[in-house]
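Taking it in order: structure first as structure tokens, then the write-up.
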Number of protein chains: 2
Amino acid sequence: MTKKEFRKLAESKIIILDGATGSNLQKEGLQPGLCPEQWMVDNKEKVIDLQFKYLEAGTDILFAPTFTSNRIKLSEYGKEEYMEYYNRELVGLSKKAIEVFRQKTGNQRKIYIAGDITMTGRMVAPHGNMPFEELINVYKEQISVLLTAGVDLFVIETMMSLQECRAALLAVHELCDLPVMVSLTYQENNRTLYGTDPVTAVTVLQAMGADAVGVNCSVGPDKLHDMIRQMKEIAYVPVMAKPNAGIPYLKDGKTVFPMNKDEFAKEMAILVDCGAGIIGGCCGTTPEHIGQTVKAVKDKKVPEIKIGHYRALATEKNTVPIDLNGRFMVVGERINPTGKKDLQASLLKGDLSIVVGMAVEQISRGADFLDINVGMGGIDEKEIMAKAVEEVTKAVDVPLLIDTSNPEAMEAALRIYPGRAMINSVSLEKEKIDKILPLAKKYGAMFILLPLSDAGLPKDKEEKKRIIHEILDRAYELGLTREDIIVDGLVNTVGANPRAALDALETIRYCKNELGIGTIIGLSNISFGLPARGNINSTFLAFAIQAGLTMAIANPSQELLMNTVLAADLLLGKEGAAQRYIENVRELNIQQAVSESKASDKSGIKKDNV
Amino acid sequence: MTKKEFRKLAESKIIILDGATGSNLQKEGLQPGLCPEQWMVDNKEKVIDLQFKYLEAGTDILFAPTFTSNRIKLSEYGKEEYMEYYNRELVGLSKKAIEVFRQKTGNQRKIYIAGDITMTGRMVAPHGNMPFEELINVYKEQISVLLTAGVDLFVIETMMSLQECRAALLAVHELCDLPVMVSLTYQENNRTLYGTDPVTAVTVLQAMGADAVGVNCSVGPDKLHDMIRQMKEIAYVPVMAKPNAGIPYLKDGKTVFPMNKDEFAKEMAILVDCGAGIIGGCCGTTPEHIGQTVKAVKDKKVPEIKIGHYRALATEKNTVPIDLNGRFMVVGERINPTGKKDLQASLLKGDLSIVVGMAVEQISRGADFLDINVGMGGIDEKEIMAKAVEEVTKAVDVPLLIDTSNPEAMEAALRIYPGRAMINSVSLEKEKIDKILPLAKKYGAMFILLPLSDAGLPKDKEEKKRIIHEILDRAYELGLTREDIIVDGLVNTVGANPRAALDALETIRYCKNELGIGTIIGLSNISFGLPARGNINSTFLAFAIQAGLTMAIANPSQELLMNTVLAADLLLGKEGAAQRYIENVRELNIQQAVSESKASDKSGIKKDNV
Ligand SMILES: [Zn+2]
Ligand SMILES: [Zn+2]
Ligand SMILES: [Zn+2]
């Protein structure tokens, strides 16, 4: 099955998944403490019969019962050496169920088998001690077998860690082009065990190329209305819902799921209205639940799937939407060794304490994002960049901009970053466009479009526009959309070019109003070589915000600048701006200058009369 | 002759004046030391003959030889009691000359007699000790007689003081509706004896309703090219030129004028090309000079006269143009007793030293104009306002805004102000529109249009626009044009209305882009009731300047604001802005706030990790 076929299927019908496997097989004799894989190969007919019944009920995508068949999980039963064997055999059971279904019913409708993957039980770094690349490799082992066994697509499900979802998704993508659905399990606080909310999961995973993102297990469908709506609001891939038959309780020592098929089906129909286009059941659901659900949704409209991407960055736990008409955002620029002796010395020693300190400081000053630049001679930039991203991610919870022109350092950082980062930057220079732009696609990063080419700075605004459009075209060819891109306004110094500010403002207006694309500027260039630079910077910032600028790279310790941001949003009547202003503005204590000589020489005073 | 007829005449032909009177009559026997008026009534035929010859040469407007026939001048010869007699007799000579001309030539073309007025020889206050109202009365005495004698229009000529021109012009206007030409004499530095430049004279006098403004006497026409061009550039009334036959020199004890009729005529033709539409000769010119000039210009195109007024304020000595696309301007707001105990106390005593100190201080801080407001209980506002204007005018050389809602105080100030002031302000409130708006016309002041009505603040932007247009219509009916008006953007506090800034910005853009009218705001209202007001004010100022604001009323001692003005002009690429920035910007020494408690509570920091 290709990704395109998957998308078409999801656009044409409500995709029906299967129901529970574990809870149904337990009724057939699967005991807790047994290795489920071994039990299943010992009881093939029971598995085939369950899957046959799901097909009879209407399942379009059958999950092969390979859920826990990864090397780490199997090692809990000392069965790791059978990993390949189990996965092959278990996919075989799904194939057999389809064969039986076709034989018994003569039905020739399309049915797909999803290779089913879940967590390993070991925590990945930095929360746990399993290295990220090792986890990817564990998944790759299982995925390779599933591919050989002939699955049509993959499902990564019942995930509690977004970073582990990322590992599994990268593993699939690095081995094949098959579609992948990713589904997480949320606690009652609407966060995963590791603290990720559903919007963040959708934001990060769809940007990385997941073909569907959703929720499974967790609770009953009656508790998922808001969550599905929230996910649907920002999703541009189908949203999947595979909840339990309610929250189980113990009765006479047995686990009981409270929802019968009718209640379940009724609630599933509501989830379709909320936006779920791929539905099934998890623990406690039976072929009857699925059959009833199929009936309940058969006249429902297939939820529409958006085309445009979602403009947001994310950490592992939280999403920060970027709204072209929303509040102005500041990227802290200070983590950059250029001209900073202390930082250089510590980076040379591999010591990231100053970097972390700068991260904390900038956020305390109001930075919305942090730029991470460790470019300097004498260090392994790839290693230090990855380490810096890891340390900053542990210390603070704001999204990062990865600022390097070294493609390997860029990839290392994007690979381990557990949220959605922004690439700083992609220009039309060959190295950037050929090597860095594809990383935005692979790792689901936004990127800053820097209107430069191998020929250097554009010589006029026509060339600037041409470069912008060439880079946009390349990005669109990769499947990125305008929401994935922030254009750098390319600010020169007004000291050398009186039109420097006007040109940048024109680019900002053009991108926002004509292209619907966000913009960023590196503020301080504007005042290069002039006195009282902070004054020029803050006035220019006010101009740019009024012109529609989305964000700026700046030093948030400059109180004048941060005050200007707060005042600008207030004056533009942006939502919540008054409260943000009152809570965050600082009274600036401006000391009168000592020398007043220049100003007293004004021609307006009649000297003979004064 | 009506003003309209005068304008039509000036649009239809190059108006020919006469040539010298004095230098020609001296050849006929008028001796220095004699009273010229007495000599002329004693030698009527010689005067009639000279004037006849000018008519023969082509003169359209004959200057009655009443030049020095004011009471003060006549008193130098002890002849003040003959003032009425002389003026009546001398106008009679011009009438006789016309009669002779018609009899002898049969020519019936239109010929007009101008009552001729000049300086008294006594300096008016504040330079001299003659009160301004006394001077007006001296002129009124002569003008009354000239009116009775039947002159068609007036010419105020060979003036060296702009303030004395204003007195004579007011005297004419308060007695009749006849046209008035005003002409000054400039020294070789292109300023009058009292320091006024020709652009300033034109600015002030045309705004006050002079029907032509120009230059006479001084030098030869060959030295006036630039001066006429400068005047023409800004004039919306005809420009008059009546130069000498070159600069005289002594030869064998006799005063000789070097230009013969051919040289003179050739140069006069060039002055027509430079924009002079009313031409004649002063000292040293003869009927032959005028006759030759008529021939030299007869195929010349009549210089076009502009319709739109000139947007500028002026002191007695200098003009400050207001360019909607030019540099941003600041009106110093501090001379206002509201909330200032010291100032209130000194005004109660009639002591203006604090006012003068504030004027000097604000200009040293970069104010382009000063607002003068002395409104408080317990004082005679009319008296104190006039005194304040006089004292400030003596101390500093920047134009003033007269800020009072008391029509009598407004008129007293405008009357004695020796330049072109701005009225602050005219609203649609009955008292303002009926009593204050006409003062703008009479005294040639610009005015601030405040979009308020008797019903108070406009309730929405439609009402705001409607009020603006109603006041504009009233102003246009009086003959004022959009260049005479600056609209107040009417800024409310963003603390109460999130759209306060956006609404004001919209008014600014509307006035500038749709109406071609300048705008002003009282900046500090925007931040009323909010913390860190200077920060909101300066950010709003940047917004407003970018939106096209012309000027703001503000406290120029607020360095943040003044720096913002400098930076805004720099960033907008305005002419000369880079140099102004470098020369005037102040490095602000911002002290870090002591308490940092609020900001360190930012959610982005993972507290358990910090
Ligand atoms: Zn489950
Ligand atoms: Zn003269
Ligand atoms: Zn003269």
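Identifiers in this document derive from the order of the structure tokens: chains are assigned A, B, ..., residues are numbered from 1 separately in each chain, and ligands are numbered from 1 in order of occurrence.
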
| Do you know which residues are at most 10 Å from segment 573-586 of chain B counting only C-alpha atoms, after dropping those on the same chain fewer than 4 positions away, and could you put them as an MDAnalysis selection string? | (chainID A and resid 494:502 530:533 535:536 592:593 595:596 598:599 602) or (chainID B and resid 325:328 365:366 559:560 562:569)

Go ahead and save the residues from that selection, with N, CA, C and O atoms, as a compact mmCIF listing (two decimals), in the first residue's frame.
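Result file follows (selection-v4.txt):
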# COMPACT_ATOMS: atom_id res chain seq x y z
N VAL A 494 20.84 50.32 8.16
CA VAL A 494 20.33 51.58 7.63
C VAL A 494 21.44 52.62 7.56
O VAL A 494 21.30 53.64 6.89
N GLY A 495 22.54 52.34 8.23
CA GLY A 495 23.69 53.24 8.16
C GLY A 495 24.28 53.27 6.76
O GLY A 495 24.76 54.30 6.30
N ALA A 496 24.21 52.12 6.06
CA ALA A 496 24.79 52.05 4.72
C ALA A 496 23.73 52.24 3.64
O ALA A 496 24.02 52.73 2.55
N ASN A 497 22.50 51.84 3.94
CA ASN A 497 21.43 51.91 2.94
C ASN A 497 20.18 52.50 3.56
O ASN A 497 19.53 51.86 4.38
N PRO A 498 19.84 53.73 3.17
CA PRO A 498 18.68 54.39 3.78
C PRO A 498 17.37 53.63 3.56
O PRO A 498 16.41 53.85 4.27
N ARG A 499 17.35 52.72 2.58
CA ARG A 499 16.13 51.95 2.32
C ARG A 499 16.13 50.60 3.03
O ARG A 499 15.23 49.77 2.81
N ALA A 500 17.14 50.36 3.87
CA ALA A 500 17.27 49.04 4.48
C ALA A 500 16.02 48.64 5.24
O ALA A 500 15.51 47.52 5.09
N ALA A 501 15.50 49.54 6.06
CA ALA A 501 14.32 49.21 6.85
C ALA A 501 13.11 49.08 5.93
O ALA A 501 12.32 48.14 6.05
N LEU A 502 12.95 50.01 5.01
CA LEU A 502 11.80 49.98 4.11
C LEU A 502 11.76 48.69 3.29
O LEU A 502 10.69 48.11 3.10
N LEU A 530 25.93 52.39 13.92
CA LEU A 530 25.29 53.64 14.36
C LEU A 530 25.29 53.74 15.89
O LEU A 530 25.36 52.72 16.57
N PRO A 531 25.15 54.94 16.42
CA PRO A 531 25.09 55.08 17.88
C PRO A 531 23.71 54.72 18.42
O PRO A 531 22.74 54.66 17.65
N ALA A 532 23.63 54.50 19.71
CA ALA A 532 22.37 54.21 20.41
C ALA A 532 21.58 53.13 19.66
O ALA A 532 20.42 53.32 19.29
N ARG A 533 22.23 52.00 19.44
CA ARG A 533 21.64 50.95 18.58
C ARG A 533 20.33 50.41 19.13
O ARG A 533 19.42 50.08 18.37
N ASN A 535 18.02 51.80 20.53
CA ASN A 535 16.96 52.72 20.16
C ASN A 535 16.47 52.46 18.73
O ASN A 535 15.27 52.38 18.47
N ILE A 536 17.42 52.30 17.82
CA ILE A 536 17.04 51.99 16.43
C ILE A 536 16.37 50.63 16.39
O ILE A 536 15.33 50.44 15.75
N GLN A 592 19.43 60.11 33.11
CA GLN A 592 19.73 61.23 32.21
C GLN A 592 21.21 61.16 31.81
O GLN A 592 22.06 60.84 32.63
N ALA A 593 21.47 61.42 30.57
CA ALA A 593 22.85 61.41 30.10
C ALA A 593 23.64 62.51 30.81
O ALA A 593 23.10 63.54 31.18
N SER A 595 26.46 64.18 29.60
CA SER A 595 26.79 65.28 28.71
C SER A 595 25.58 65.73 27.92
O SER A 595 24.91 64.95 27.27
N GLU A 596 25.29 66.99 28.01
CA GLU A 596 24.12 67.53 27.30
C GLU A 596 24.58 68.54 26.25
O GLU A 596 23.79 69.29 25.71
N LYS A 598 25.72 68.60 23.15
CA LYS A 598 25.24 68.64 21.76
C LYS A 598 23.88 69.30 21.63
O LYS A 598 23.67 70.17 20.83
N ALA A 599 22.97 68.85 22.47
CA ALA A 599 21.59 69.25 22.30
C ALA A 599 21.36 70.72 22.61
O ALA A 599 20.46 71.35 22.09
N LYS A 602 21.11 73.92 19.88
CA LYS A 602 20.01 74.00 18.91
C LYS A 602 19.82 75.41 18.38
O LYS A 602 19.84 76.38 19.12
N ASN B 325 5.46 64.09 3.97
CA ASN B 325 6.43 63.01 3.82
C ASN B 325 7.80 63.37 4.36
O ASN B 325 8.77 62.66 4.14
N GLY B 326 7.85 64.49 5.03
CA GLY B 326 9.14 64.96 5.52
C GLY B 326 9.41 64.50 6.94
O GLY B 326 8.78 63.57 7.44
N ARG B 327 10.35 65.17 7.56
CA ARG B 327 10.77 64.73 8.89
C ARG B 327 9.63 64.89 9.89
O ARG B 327 8.80 65.78 9.77
N PHE B 328 9.63 64.03 10.87
CA PHE B 328 8.59 64.07 11.88
C PHE B 328 8.86 65.24 12.82
O PHE B 328 9.99 65.57 13.11
N ARG B 365 15.87 70.41 23.73
CA ARG B 365 15.61 68.97 23.68
C ARG B 365 15.10 68.52 22.32
O ARG B 365 14.78 67.36 22.13
N GLY B 366 14.92 69.48 21.41
CA GLY B 366 14.56 69.07 20.06
C GLY B 366 13.14 69.39 19.62
O GLY B 366 12.72 68.96 18.55
N GLU B 559 13.53 61.33 26.74
CA GLU B 559 14.58 60.99 25.77
C GLU B 559 14.19 59.79 24.92
O GLU B 559 14.54 59.71 23.75
N LEU B 560 13.45 58.86 25.53
CA LEU B 560 13.02 57.69 24.78
C LEU B 560 12.18 58.10 23.58
O LEU B 560 12.37 57.62 22.47
N MET B 562 12.12 61.11 22.05
CA MET B 562 12.87 61.87 21.06
C MET B 562 13.79 60.94 20.27
O MET B 562 13.97 61.11 19.06
N ASN B 563 14.34 59.95 20.96
CA ASN B 563 15.15 58.95 20.25
C ASN B 563 14.29 58.18 19.25
O ASN B 563 14.74 57.85 18.15
N THR B 564 13.08 57.87 19.64
CA THR B 564 12.18 57.14 18.74
C THR B 564 11.89 57.97 17.49
O THR B 564 11.89 57.44 16.37
N VAL B 565 11.68 59.26 17.68
CA VAL B 565 11.46 60.14 16.53
C VAL B 565 12.66 60.10 15.58
O VAL B 565 12.51 59.93 14.37
N LEU B 566 13.84 60.22 16.16
CA LEU B 566 15.06 60.23 15.34
C LEU B 566 15.21 58.90 14.60
O LEU B 566 15.55 58.85 13.42
N ALA B 567 14.98 57.81 15.32
CA ALA B 567 15.14 56.48 14.72
C ALA B 567 14.07 56.24 13.65
O ALA B 567 14.35 55.65 12.61
N ALA B 568 12.86 56.69 13.92
CA ALA B 568 11.76 56.46 12.97
C ALA B 568 12.06 57.15 11.63
O ALA B 568 11.93 56.54 10.57
N ASP B 569 12.49 58.39 11.70
CA ASP B 569 12.82 59.09 10.45
C ASP B 569 13.98 58.41 9.74
O ASP B 569 13.99 58.28 8.51

| message | as a PyMOL selection string, please: every residue in segment 402-527 of chain B that DSSP puts in helix (DSSP H, G or I). | response | chain B and resi 407-416+430-443+461-477+482-484+500-515+523-527

| Those in segment 361-552 of chain A with strand (DSSP E or B) from DSSP, as number ranges by chain | A: 369-372, 396, 400-403, 420, 422-426, 446-449, 453, 456, 485-488, 518-522, 551-552

Export of the given selection (N, CA, C and O atoms) as a short mmCIF file (atom, residue, chain, number, x, y, z; two decimals), in the first residue's frame:
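So again.cif came out as:
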data_model
loop_
_atom_site.label_atom_id
_atom_site.label_comp_id
_atom_site.auth_asym_id
_atom_site.auth_seq_id
_atom_site.Cartn_x
_atom_site.Cartn_y
_atom_site.Cartn_z
N PHE A 369 11.14 31.18 22.05
CA PHE A 369 11.93 30.10 21.47
C PHE A 369 13.40 30.42 21.74
O PHE A 369 13.75 31.56 22.06
N LEU A 370 14.25 29.40 21.60
CA LEU A 370 15.69 29.64 21.77
C LEU A 370 16.43 29.20 20.52
O LEU A 370 16.19 28.12 19.99
N ASP A 371 17.33 30.04 20.08
CA ASP A 371 18.21 29.69 18.98
C ASP A 371 19.45 29.01 19.57
O ASP A 371 20.02 29.50 20.54
N ILE A 372 19.84 27.88 18.99
CA ILE A 372 21.03 27.17 19.48
C ILE A 372 22.08 27.19 18.38
O ILE A 372 21.91 26.59 17.31
N VAL A 396 14.77 23.33 29.93
CA VAL A 396 13.67 24.26 29.67
C VAL A 396 12.67 23.65 28.71
O VAL A 396 13.01 22.73 27.95
N LEU A 400 13.08 24.85 20.10
CA LEU A 400 14.41 25.32 19.72
C LEU A 400 14.51 25.61 18.22
O LEU A 400 13.83 24.99 17.42
N LEU A 401 15.40 26.56 17.90
CA LEU A 401 15.84 26.76 16.53
C LEU A 401 17.25 26.20 16.43
O LEU A 401 18.11 26.57 17.24
N ILE A 402 17.47 25.32 15.48
CA ILE A 402 18.80 24.73 15.32
C ILE A 402 19.54 25.57 14.29
O ILE A 402 19.16 25.63 13.12
N ASP A 403 20.58 26.21 14.77
CA ASP A 403 21.24 27.25 13.99
C ASP A 403 22.66 26.81 13.61
O ASP A 403 23.61 27.00 14.36
N ARG A 420 9.09 19.56 17.83
CA ARG A 420 9.19 20.09 16.47
C ARG A 420 10.05 21.33 16.52
O ARG A 420 9.67 22.35 17.10
N MET A 422 12.86 24.25 14.64
CA MET A 422 12.94 25.06 13.42
C MET A 422 14.40 25.09 12.95
O MET A 422 15.31 25.28 13.76
N ILE A 423 14.57 24.90 11.66
CA ILE A 423 15.90 24.96 11.05
C ILE A 423 16.26 26.42 10.77
O ILE A 423 15.47 27.14 10.18
N ASN A 424 17.43 26.80 11.22
CA ASN A 424 17.93 28.16 10.95
C ASN A 424 19.27 28.03 10.25
O ASN A 424 20.27 27.86 10.92
N SER A 425 19.30 28.03 8.95
CA SER A 425 18.26 28.39 7.99
C SER A 425 18.53 27.65 6.69
O SER A 425 19.56 26.99 6.54
N VAL A 426 17.62 27.83 5.71
CA VAL A 426 17.80 27.26 4.38
C VAL A 426 17.86 28.42 3.38
O VAL A 426 16.94 29.22 3.31
N MET A 446 10.10 23.03 11.01
CA MET A 446 9.88 24.24 10.24
C MET A 446 11.26 24.72 9.79
O MET A 446 12.27 24.28 10.31
N PHE A 447 11.29 25.63 8.81
CA PHE A 447 12.60 26.20 8.48
C PHE A 447 12.51 27.67 8.16
O PHE A 447 11.47 28.17 7.72
N ILE A 448 13.62 28.35 8.46
CA ILE A 448 13.74 29.76 8.09
C ILE A 448 14.30 29.84 6.69
O ILE A 448 15.35 29.28 6.40
N LEU A 449 13.55 30.51 5.84
CA LEU A 449 13.97 30.70 4.45
C LEU A 449 14.80 31.99 4.39
O LEU A 449 14.28 33.08 4.61
N SER A 453 21.62 33.48 -2.14
CA SER A 453 21.99 32.42 -3.07
C SER A 453 23.50 32.29 -3.06
O SER A 453 24.19 33.01 -2.33
N GLY A 456 25.39 35.35 -3.24
CA GLY A 456 25.42 36.28 -2.09
C GLY A 456 24.08 36.94 -1.86
O GLY A 456 23.04 36.38 -2.18
N ILE A 485 7.13 27.28 6.87
CA ILE A 485 8.23 28.16 6.48
C ILE A 485 8.08 29.54 7.11
O ILE A 485 6.98 30.08 7.21
N ILE A 486 9.19 30.08 7.55
CA ILE A 486 9.25 31.46 8.04
C ILE A 486 10.34 32.15 7.21
O ILE A 486 11.48 31.68 7.16
N VAL A 487 9.99 33.25 6.56
CA VAL A 487 10.96 33.94 5.72
C VAL A 487 11.74 34.98 6.52
O VAL A 487 11.18 35.75 7.29
N ASP A 488 13.05 34.94 6.35
CA ASP A 488 13.90 35.95 6.98
C ASP A 488 13.84 37.25 6.16
O ASP A 488 14.13 37.24 4.96
N GLY A 518 4.81 33.48 7.31
CA GLY A 518 5.37 34.20 8.44
C GLY A 518 6.76 34.73 8.16
O GLY A 518 7.42 34.30 7.21
N THR A 519 7.18 35.67 8.98
CA THR A 519 8.50 36.27 8.78
C THR A 519 9.25 36.40 10.11
O THR A 519 8.66 36.44 11.18
N ILE A 520 10.55 36.48 9.96
CA ILE A 520 11.44 36.65 11.11
C ILE A 520 12.51 37.66 10.69
O ILE A 520 12.83 37.77 9.51
N ILE A 521 13.03 38.41 11.66
CA ILE A 521 14.20 39.22 11.34
C ILE A 521 15.24 39.07 12.44
O ILE A 521 14.91 38.82 13.60
N GLY A 522 16.48 39.19 12.04
CA GLY A 522 17.58 39.35 12.98
C GLY A 522 17.69 40.85 13.18
O GLY A 522 18.12 41.58 12.31
N MET A 551 7.99 37.07 14.13
CA MET A 551 8.91 36.86 15.24
C MET A 551 10.25 37.54 14.92
O MET A 551 10.53 37.88 13.78
N ALA A 552 11.04 37.72 15.97
CA ALA A 552 12.38 38.29 15.77
C ALA A 552 13.38 37.48 16.56
O ALA A 552 13.06 36.91 17.60
#

| request: Could you give me the residues within 12 Å of ligand 1, counting only C-alpha atoms and all ligand atoms, as a PyMOL selection string? | output: chain A and resi 18-24+67+118+157-159+183-186+215-220+241-248+257+280-286

| Quick one: residues within 8 Å of segment 457-473 of chain B, only C-alpha atoms counted, chain neighbours fewer than 4 positions away excluded, as a PyMOL selection string? | chain B and resi 427-428+433+449-453+477+482+487+503

| task | Go through B:Ala395, B:Met240, B:Leu561, B:Met160 one by one, measure the shortest atom-to-atom distance of each to ligand 2 using only C-alpha atoms and all ligand atoms, and give the residue with the smallest value. | result | B:Met160

| said: Need the shell around Asp484 of chain B: protein/DNA/RNA residues with any atom at most 12 Å away, counting only C-alpha atoms. Skip same-chain ones fewer than 3 positions apart. Format as a VMD selection string? | reply: chain B and resid 203 to 204 206 to 208 308 to 313 321 to 322 420 to 423 437 440 to 441 443 to 449 472 475 to 476 478 to 481 487 516 to 519

| field | Spatial neighbours of Val138 of chain B, max dist 9 Å, only C-alpha atoms, sep filter under 2 positions, as a list in words | value | Asn70, Arg71, Ile72, Thr120, Glu133, Glu134, Leu135, Ile136, Lys140, Glu141, Gln142, Ile143, Ala168 and Ala171 of chain B

Mind writing the picked residues with C-alpha atoms as a compact mmCIF listing (two decimals), in the first residue's frame?
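Final output, result.txt:
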# COMPACT_ATOMS: atom_id res chain seq x y z
CA ASN B 70 1.20 108.70 7.61
CA ARG B 71 0.90 110.77 10.76
CA ILE B 72 4.25 109.69 12.22
CA THR B 120 6.34 105.05 10.00
CA GLU B 133 -2.23 98.48 18.34
CA GLU B 134 -1.00 102.08 18.08
CA LEU B 135 0.71 101.27 14.80
CA ILE B 136 -2.48 99.67 13.50
CA LYS B 140 -6.05 103.03 9.93
CA GLU B 141 -6.10 106.84 10.00
CA GLN B 142 -4.31 107.03 6.64
CA ILE B 143 -6.29 104.14 5.14
CA ALA B 168 -0.78 97.56 7.98
CA ALA B 171 -5.54 97.84 9.36

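Distance check against ligand 2 using only C-alpha atoms and all ligand atoms: of B:Glu587, B:Thr255, B:Lys27, B:Pro556, the minimum falls on B:Thr255.
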
| Contacts of Phe154 of chain B within 8 Å, only C-alpha atoms, excl. fewer than 4 positions in-chain, as a list in words |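 Listed by chain and then number, they are Ala114, Gly115, Asp116, Ile117, Val172, Leu178, Pro179, Val180 and Met181 of chain B.
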
Could you save the residues just selected, with C-alpha atoms, as an mmCIF file, in the first residue's frame?
data_model
loop_
_atom_site.group_PDB
_atom_site.id
_atom_site.type_symbol
_atom_site.label_atom_id
_atom_site.label_comp_id
_atom_site.auth_asym_id
_atom_site.auth_seq_id
_atom_site.Cartn_x
_atom_site.Cartn_y
_atom_site.Cartn_z
ATOM 1 C CA ALA B 114 -3.348 101.915 -5.235
ATOM 2 C CA GLY B 115 -3.264 103.732 -1.918
ATOM 3 C CA ASP B 116 0.421 103.545 -1.033
ATOM 4 C CA ILE B 117 1.520 102.865 2.559
ATOM 5 C CA VAL B 172 -6.682 97.497 5.738
ATOM 6 C CA LEU B 178 -10.138 95.968 -1.120
ATOM 7 C CA PRO B 179 -7.156 94.038 -2.479
ATOM 8 C CA VAL B 180 -3.784 94.584 -0.792
ATOM 9 C CA MET B 181 -0.330 94.004 -2.184
#
